[in-house]
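Data from query_26.txt: compact mmCIF, C-alpha atoms and all ligand atoms
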```
# COMPACT_ATOMS: atom_id res chain seq x y z
CA MET A 1 -32.59 -27.76 -14.25
CA PHE A 2 -29.14 -27.67 -15.80
CA GLY A 3 -29.37 -23.91 -16.12
CA LYS A 4 -30.15 -23.63 -12.46
CA LEU A 5 -27.18 -25.81 -11.53
CA LYS A 6 -24.93 -23.63 -13.65
CA LYS A 7 -26.23 -20.59 -11.86
CA ILE A 8 -25.57 -22.13 -8.46
CA LEU A 9 -22.07 -23.11 -9.54
CA ALA A 10 -21.42 -19.63 -10.86
CA THR A 11 -22.59 -18.10 -7.59
CA ALA A 12 -20.39 -20.50 -5.63
CA THR A 13 -17.42 -19.58 -7.81
CA ILE A 14 -18.00 -15.88 -7.30
CA GLY A 15 -18.28 -16.55 -3.58
CA ALA A 16 -14.97 -18.38 -3.57
CA MET A 17 -13.36 -15.63 -5.61
CA THR A 18 -14.56 -13.01 -3.17
CA VAL A 19 -13.04 -14.91 -0.28
CA LEU A 20 -9.76 -15.21 -2.18
CA THR A 21 -9.76 -11.52 -3.01
CA LEU A 22 -10.47 -10.62 0.58
CA THR A 23 -7.69 -12.80 1.89
CA GLY A 24 -5.41 -11.28 -0.72
CA CYS A 25 -6.05 -7.77 0.50
CA GLY A 26 -6.49 -8.59 4.14
CA GLY A 27 -4.96 -10.77 6.78
CA ASP A 28 -3.28 -13.41 4.70
CA ASN A 29 -0.41 -11.51 3.16
CA ALA A 30 3.19 -12.25 3.97
CA ALA A 31 3.47 -9.07 6.00
CA LYS A 32 0.78 -10.25 8.38
CA ASP A 33 1.46 -13.95 8.78
CA GLY A 34 5.20 -13.93 8.33
CA GLY A 35 5.52 -15.96 5.17
CA SER A 36 2.36 -17.19 3.48
CA LYS A 37 2.57 -17.86 -0.22
CA THR A 38 0.95 -14.58 -1.17
CA LEU A 39 2.77 -11.40 -2.09
CA ALA A 40 0.39 -8.49 -1.58
CA VAL A 41 1.52 -5.73 -3.92
CA GLY A 42 0.38 -2.12 -3.91
CA SER A 43 0.64 0.03 -7.01
CA SER A 44 -0.94 3.25 -8.24
CA VAL A 45 -2.11 1.86 -11.54
CA ASP A 46 -2.05 5.14 -13.47
CA PHE A 47 1.51 5.29 -14.74
CA ALA A 48 1.89 3.84 -18.24
CA PRO A 49 4.09 2.17 -19.36
CA PHE A 50 4.90 1.01 -15.82
CA GLU A 51 1.37 0.17 -14.67
CA PHE A 52 -1.94 0.83 -16.33
CA GLN A 53 -5.31 -0.70 -17.07
CA ASP A 54 -6.10 -1.83 -20.59
CA GLU A 55 -9.81 -2.46 -20.95
CA LYS A 56 -9.09 -5.33 -23.34
CA GLU A 57 -7.03 -7.15 -20.70
CA LYS A 58 -8.24 -8.47 -17.40
CA GLU A 59 -4.90 -8.06 -15.63
CA TYR A 60 -2.99 -4.85 -14.98
CA GLN A 61 -0.46 -4.15 -17.71
CA GLY A 62 3.00 -2.62 -17.76
CA PHE A 63 6.71 -3.04 -17.15
CA GLU A 64 6.43 -3.16 -13.38
CA MET A 65 3.38 -5.43 -13.44
CA ASP A 66 5.36 -7.97 -15.48
CA LEU A 67 8.41 -7.47 -13.31
CA ILE A 68 6.61 -8.02 -10.00
CA ARG A 69 4.81 -11.09 -11.36
CA SER A 70 8.18 -12.54 -12.34
CA ILE A 71 9.63 -11.61 -8.96
CA GLY A 72 6.69 -13.33 -7.25
CA LYS A 73 7.23 -16.42 -9.36
CA GLU A 74 10.91 -16.51 -8.37
CA MET A 75 9.88 -16.19 -4.73
CA GLY A 76 7.26 -18.91 -5.08
CA ARG A 77 4.52 -16.52 -4.06
CA GLU A 78 1.20 -15.69 -5.63
CA VAL A 79 1.12 -12.02 -6.58
CA LYS A 80 -2.02 -10.04 -5.68
CA ILE A 81 -2.00 -6.47 -6.90
CA SER A 82 -4.12 -3.76 -5.25
CA ASN A 83 -4.61 -0.42 -6.96
CA ILE A 84 -3.94 2.29 -4.37
CA GLY A 85 -3.51 6.04 -4.98
CA PHE A 86 0.17 7.03 -5.02
CA ASP A 87 0.04 9.05 -1.81
CA GLY A 88 -1.70 6.15 -0.02
CA LEU A 89 0.94 3.53 -0.84
CA ILE A 90 3.45 4.14 1.95
CA PRO A 91 0.68 4.38 4.60
CA ALA A 92 -0.74 1.04 3.28
CA LEU A 93 2.69 -0.56 3.59
CA GLN A 94 3.17 0.81 7.08
CA ALA A 95 -0.27 -0.52 8.07
CA LYS A 96 0.82 -3.91 6.67
CA ASN A 97 -2.10 -4.06 4.28
CA ILE A 98 0.43 -4.79 1.55
CA ASP A 99 3.86 -6.44 1.52
CA VAL A 100 5.58 -4.38 -1.17
CA ILE A 101 5.09 -1.29 -3.32
CA ILE A 102 6.04 -1.22 -6.96
CA SER A 103 4.86 2.02 -8.47
CA GLY A 104 7.62 3.93 -10.24
CA MET A 105 8.65 4.93 -6.74
CA THR A 106 11.84 6.92 -6.59
CA ILE A 107 14.32 5.96 -3.90
CA ASN A 108 14.98 9.03 -1.77
CA ASP A 109 16.02 9.90 1.78
CA GLU A 110 12.64 11.20 2.83
CA ARG A 111 10.98 7.87 1.98
CA LYS A 112 13.87 5.85 3.40
CA GLU A 113 12.83 7.13 6.81
CA LYS A 114 9.57 5.24 6.42
CA VAL A 115 10.32 2.23 4.19
CA ALA A 116 13.20 0.10 2.98
CA PHE A 117 14.01 -0.03 -0.74
CA SER A 118 15.18 -2.89 -2.92
CA ASP A 119 18.15 -2.51 -5.23
CA PRO A 120 17.30 0.00 -7.97
CA TYR A 121 15.76 -1.54 -11.10
CA TYR A 122 15.03 1.42 -13.39
CA LYS A 123 16.72 4.78 -14.08
CA SER A 124 14.29 7.62 -14.50
CA GLY A 125 14.11 11.36 -13.98
CA LEU A 126 11.79 14.31 -14.32
CA THR A 127 10.91 16.19 -17.49
CA MET A 128 8.09 18.53 -18.40
CA VAL A 129 5.27 18.60 -20.89
CA ILE A 130 3.99 21.93 -22.23
CA ASP A 131 1.73 23.25 -24.95
CA GLU A 132 3.29 22.74 -28.37
CA LYS A 133 2.85 26.43 -29.16
CA ASN A 134 4.47 27.61 -25.94
CA ASP A 135 7.74 29.28 -26.92
CA SER A 136 8.38 31.05 -23.65
CA VAL A 137 9.22 27.90 -21.68
CA LYS A 138 12.42 26.29 -22.91
CA SER A 139 13.88 25.03 -19.66
CA PHE A 140 12.95 24.45 -16.01
CA LYS A 141 14.35 27.91 -15.20
CA ASP A 142 11.51 29.40 -17.21
CA LEU A 143 8.89 27.91 -14.88
CA GLU A 144 9.37 30.61 -12.23
CA GLY A 145 6.02 32.19 -11.48
CA LYS A 146 4.20 29.71 -13.73
CA LYS A 147 1.35 27.28 -13.06
CA ILE A 148 2.46 23.65 -12.83
CA ALA A 149 0.45 20.42 -12.46
CA VAL A 150 1.96 17.42 -10.66
CA GLN A 151 0.76 14.15 -9.20
CA ILE A 152 0.25 14.40 -5.45
CA GLY A 153 2.89 12.84 -3.20
CA THR A 154 5.53 12.53 -5.93
CA THR A 155 9.06 13.77 -6.40
CA SER A 156 7.62 16.06 -9.11
CA ALA A 157 5.42 17.69 -6.48
CA ASN A 158 8.47 18.33 -4.28
CA GLU A 159 10.49 19.77 -7.14
CA ALA A 160 7.67 21.97 -8.43
CA LYS A 161 7.16 23.44 -4.97
CA SER A 162 10.79 24.51 -4.89
CA ILE A 163 10.43 26.60 -8.06
CA LYS A 164 10.23 30.29 -7.21
CA ASP A 165 6.71 31.75 -7.21
CA ALA A 166 5.29 28.74 -9.03
CA GLU A 167 1.63 27.93 -8.46
CA VAL A 168 1.52 24.16 -8.00
CA LYS A 169 -1.64 22.13 -8.59
CA GLU A 170 -1.41 18.68 -7.01
CA LEU A 171 -3.75 16.28 -8.79
CA ASN A 172 -4.46 12.59 -8.26
CA THR A 173 -3.01 11.08 -11.43
CA PRO A 174 -0.72 12.03 -14.30
CA ALA A 175 -3.76 11.76 -16.60
CA ASP A 176 -5.47 14.48 -14.53
CA CYS A 177 -2.34 16.63 -14.92
CA PHE A 178 -2.27 16.22 -18.70
CA MET A 179 -5.98 17.04 -18.88
CA GLU A 180 -5.37 20.21 -16.90
CA LEU A 181 -2.61 21.20 -19.33
CA LYS A 182 -4.80 20.52 -22.35
CA ALA A 183 -7.58 22.58 -20.77
CA GLY A 184 -5.18 25.51 -20.35
CA GLY A 185 -5.33 25.43 -16.55
CA VAL A 186 -1.54 25.13 -16.18
CA ASP A 187 1.58 26.04 -18.19
CA ALA A 188 3.39 22.76 -17.61
CA VAL A 189 3.19 19.25 -16.21
CA ILE A 190 6.24 17.91 -14.39
CA ASN A 191 6.34 14.14 -14.30
CA ASP A 192 8.62 11.15 -14.87
CA ARG A 193 10.32 11.15 -18.28
CA PRO A 194 9.24 7.69 -19.54
CA VAL A 195 5.63 8.38 -18.60
CA ASN A 196 5.66 11.76 -20.34
CA ASP A 197 7.18 10.23 -23.46
CA TYR A 198 4.80 7.30 -23.49
CA PHE A 199 1.84 9.64 -23.03
CA ILE A 200 2.77 11.72 -26.05
CA VAL A 201 3.74 8.88 -28.35
CA THR A 202 1.11 6.26 -27.51
CA SER A 203 -1.93 8.22 -26.55
CA GLY A 204 -1.69 10.06 -29.86
CA THR A 205 -2.22 13.28 -27.94
CA THR A 206 -1.57 16.29 -30.08
CA GLY A 207 -0.90 19.90 -29.19
CA VAL A 208 1.65 19.16 -26.46
CA LYS A 209 5.37 18.49 -26.41
CA SER A 210 7.78 17.01 -23.90
CA LEU A 211 11.06 18.86 -23.43
CA PRO A 212 14.27 16.80 -23.33
CA GLU A 213 15.84 18.55 -20.33
CA MET A 214 15.94 16.33 -17.23
CA LEU A 215 15.49 18.12 -13.92
CA THR A 216 16.64 15.15 -11.84
CA ALA A 217 18.02 11.65 -12.22
CA GLU A 218 16.08 9.15 -10.13
CA ASP A 219 16.17 5.42 -9.43
CA TYR A 220 13.07 3.35 -8.87
CA GLY A 221 13.01 0.79 -6.07
CA ILE A 222 10.53 -1.69 -4.64
CA ALA A 223 9.51 -0.60 -1.14
CA VAL A 224 9.24 -3.08 1.73
CA ALA A 225 8.43 -2.48 5.41
CA LYS A 226 11.49 -1.52 7.41
CA ASP A 227 10.95 -4.31 9.90
CA ASN A 228 10.95 -7.01 7.23
CA PRO A 229 14.58 -7.49 6.12
CA GLU A 230 13.83 -11.15 5.20
CA LEU A 231 11.30 -10.08 2.59
CA LEU A 232 13.64 -7.39 1.29
CA LYS A 233 16.34 -10.01 0.81
CA GLU A 234 13.90 -12.30 -0.99
CA VAL A 235 12.94 -9.46 -3.35
CA ASN A 236 16.56 -8.52 -4.02
CA ASP A 237 17.55 -12.14 -4.61
CA ALA A 238 14.68 -12.56 -7.08
CA LEU A 239 15.58 -9.33 -8.87
CA LYS A 240 19.19 -10.45 -9.14
CA LYS A 241 18.09 -13.79 -10.56
CA LEU A 242 15.95 -12.07 -13.20
CA HIS A 243 18.94 -9.97 -14.24
CA GLU A 244 21.10 -13.08 -14.49
CA ASN A 245 18.67 -15.25 -16.41
CA GLY A 246 17.73 -12.62 -18.98
CA GLU A 247 14.11 -12.26 -17.84
CA TYR A 248 14.60 -8.62 -16.78
CA ASP A 249 16.01 -7.78 -20.22
CA LYS A 250 13.08 -9.50 -21.90
CA ILE A 251 10.53 -7.52 -19.91
CA HIS A 252 12.50 -4.31 -20.45
CA GLU A 253 12.59 -4.83 -24.17
CA LYS A 254 8.88 -5.63 -24.30
CA TRP A 255 8.02 -2.20 -22.87
CA PHE A 256 10.94 0.02 -23.89
CA GLY A 257 12.29 -1.63 -27.02
CA LYS A 258 15.99 -1.09 -27.48
CA GLU A 259 16.16 1.98 -25.23
CA THR A 260 19.30 1.89 -23.12
CA LYS A 261 18.89 1.00 -19.48
N1 LIG A 301 8.88 8.61 -9.48
C1 LIG A 301 7.97 9.54 -8.91
C2 LIG A 301 7.98 9.44 -7.42
O1 LIG A 301 8.47 8.51 -6.88
C3 LIG A 301 6.54 9.37 -9.44
C4 LIG A 301 5.96 8.03 -9.19
C5 LIG A 301 4.51 7.85 -9.62
O2 LIG A 301 3.79 8.80 -9.87
N2 LIG A 301 4.05 6.65 -9.72
O3 LIG A 301 7.49 10.27 -6.74
```

Could the structure of this file be written out as structure tokens, please?
Amino acid sequence: MFGKLKKILATATIGAMTVLTLTGCGGDNAAKDGGSKTLAVGSSVDFAPFEFQDEKEKEYQGFEMDLIRSIGKEMGREVKISNIGFDGLIPALQAKNIDVIISGMTINDERKEKVAFSDPYYKSGLTMVIDEKNDSVKSFKDLEGKKIAVQIGTTSANEAKSIKDAEVKELNTPADCFMELKAGGVDAVINDRPVNDYFIVTSGTTGVKSLPEMLTAEDYGIAVAKDNPELLKEVNDALKKLHENGEYDKIHEKWFGKETK
């Protein structure tokens, strides 16, 4: 009897959760109703230490996941994060399925034609990862005519395509790129420096090295729909507050230690 009741309750709870999840991803985000208490966030959760899934944790982990939750808190909105492939993020924002993108997204002119960016919150840039035993590639100049793996839709993909005679493989995630390198399918992976460094240090991957040379300097920004300046202001105000009250520094230190900003 009691067992049955528990089962009914559990089913009801799952039902309620489903409804909540659906509203989170669907019509009830701030983009669609002009100011509900939800902030629908899109992120390509494949970019440690910025966003990744840890099977021991039920929530997405990473610097940007903490940052956007704190931003949501400042804004008084409940943060709902949807995992969307990197090249699908801007289309999802334009379709108003999400309110903001936080995904290690570099602020650049091409994207500024489609979305508005918050103030920059992280300085990054591109580096490469190659086989540890590869002595012929010492700098980006040496990648001419080589095979390079990059994540699709990224600044790395653009840069790789501009290297003379390079054969560029555009894969879905950085993890796919690293796998391709390990399998000998490419000579190098071009990707964001902190992600390359984190991959080598934390995943305990051996046999590859990341070169210190930076091809570009890039700033990450939170993307908001162009026709939503009110939301952009809210995001920037929250970000500013987190810088002032020390919360940004706390989150930064949690993920990057004493590394300079
Ligand atoms: N910073 C790079 C870009 O904006 C890569 C981002 C990512 O893969 N998440 O294209």

Distance filter 6 Å around ligand LIG 301 (chain A), atoms: all atoms listed in the file, out as a ChimeraX atom specification: /A:47,103-106,154-155,192

As lines of an AutoDock Vina configuration file, please report the centre and edge lengths, rounded to one decimal in Å, of the axis-aligned box that holds all listed atoms of stretch 39-57 of chain A with 3 Å of padding on each of the six sides.
```
center_x = -2.5
center_y = -3.1
center_z = -12.5
size_x = 20.7
size_y = 22.7
size_z = 27.8
```

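The residue that comes closest to A:Asn236, out of A:Ile148, A:Val189, A:Ile251, A:Met75 and on the basis of only C-alpha atoms, is A:Met75.
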
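With atom CA of A:Lys123 on one side and atom CA of A:Asn228 on the other, the separation reads 25.0 Å.
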
Using all atoms listed in the file: which of A:Ile71, A:Val224, A:Asp142, A:Lys56 has the shortest distance to A:Val115: A:Val224

Nearest to A:Val201, chosen from A:Val41, A:Ala48, A:Ile90, A:Leu181, with all atoms listed in the file counted in the distances: A:Ala48

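Neighbours of A:Thr216 closer than or equal to 12 Å, with all atoms listed in the file counted and sequence neighbours fewer than 3 positions away skipped, come out as Thr106, Asn108, Lys123, Ser124, Gly125, Leu126, Thr127, Met128, Phe140, Thr155, Ser156, Asn158, Glu159, Ala160, Ile190, Asn191, Asp192, Arg193, Pro212, Glu213 and Asp219 of chain A.
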
Separation of atom CA of A:Lys37 from atom CA of A:Gln53, in Å and rounded to one decimal: 25.3 Å

List as a PDB file with C-alpha atoms, keeping the file's coordinate frame the protein and nucleic acid residues near A:Ile107, meaning an atom at most 8 Å away when all atoms listed in the file are counted, but skip any in the same chain fewer than 4 places from it.
```pdb
ATOM      1  CA  ARG A 111      10.980   7.870   1.980  1.00  0.00           C
ATOM      2  CA  LYS A 112      13.870   5.850   3.400  1.00  0.00           C
ATOM      3  CA  PHE A 117      14.010  -0.030  -0.740  1.00  0.00           C
ATOM      4  CA  PRO A 120      17.300   0.000  -7.970  1.00  0.00           C
ATOM      5  CA  GLU A 218      16.080   9.150 -10.130  1.00  0.00           C
ATOM      6  CA  ASP A 219      16.170   5.420  -9.430  1.00  0.00           C
ATOM      7  CA  TYR A 220      13.070   3.350  -8.870  1.00  0.00           C
ATOM      8  CA  GLY A 221      13.010   0.790  -6.070  1.00  0.00           C
TER       9      GLY A 221
END
```

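Relative to atom CA of A:Gly62, atom CA of A:Gly76 is found at 21.1 Å.
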
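Nearest residue to A:Ala217 among A:Tyr122, A:Leu239, A:Asp165, A:Gly257 is A:Tyr122, counting all atoms listed in the file.
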
Nearest residue to A:Phe63 from the set A:Glu51, A:Glu78, A:Asp197, A:Asp176 (distances using all atoms listed in the file): A:Glu51
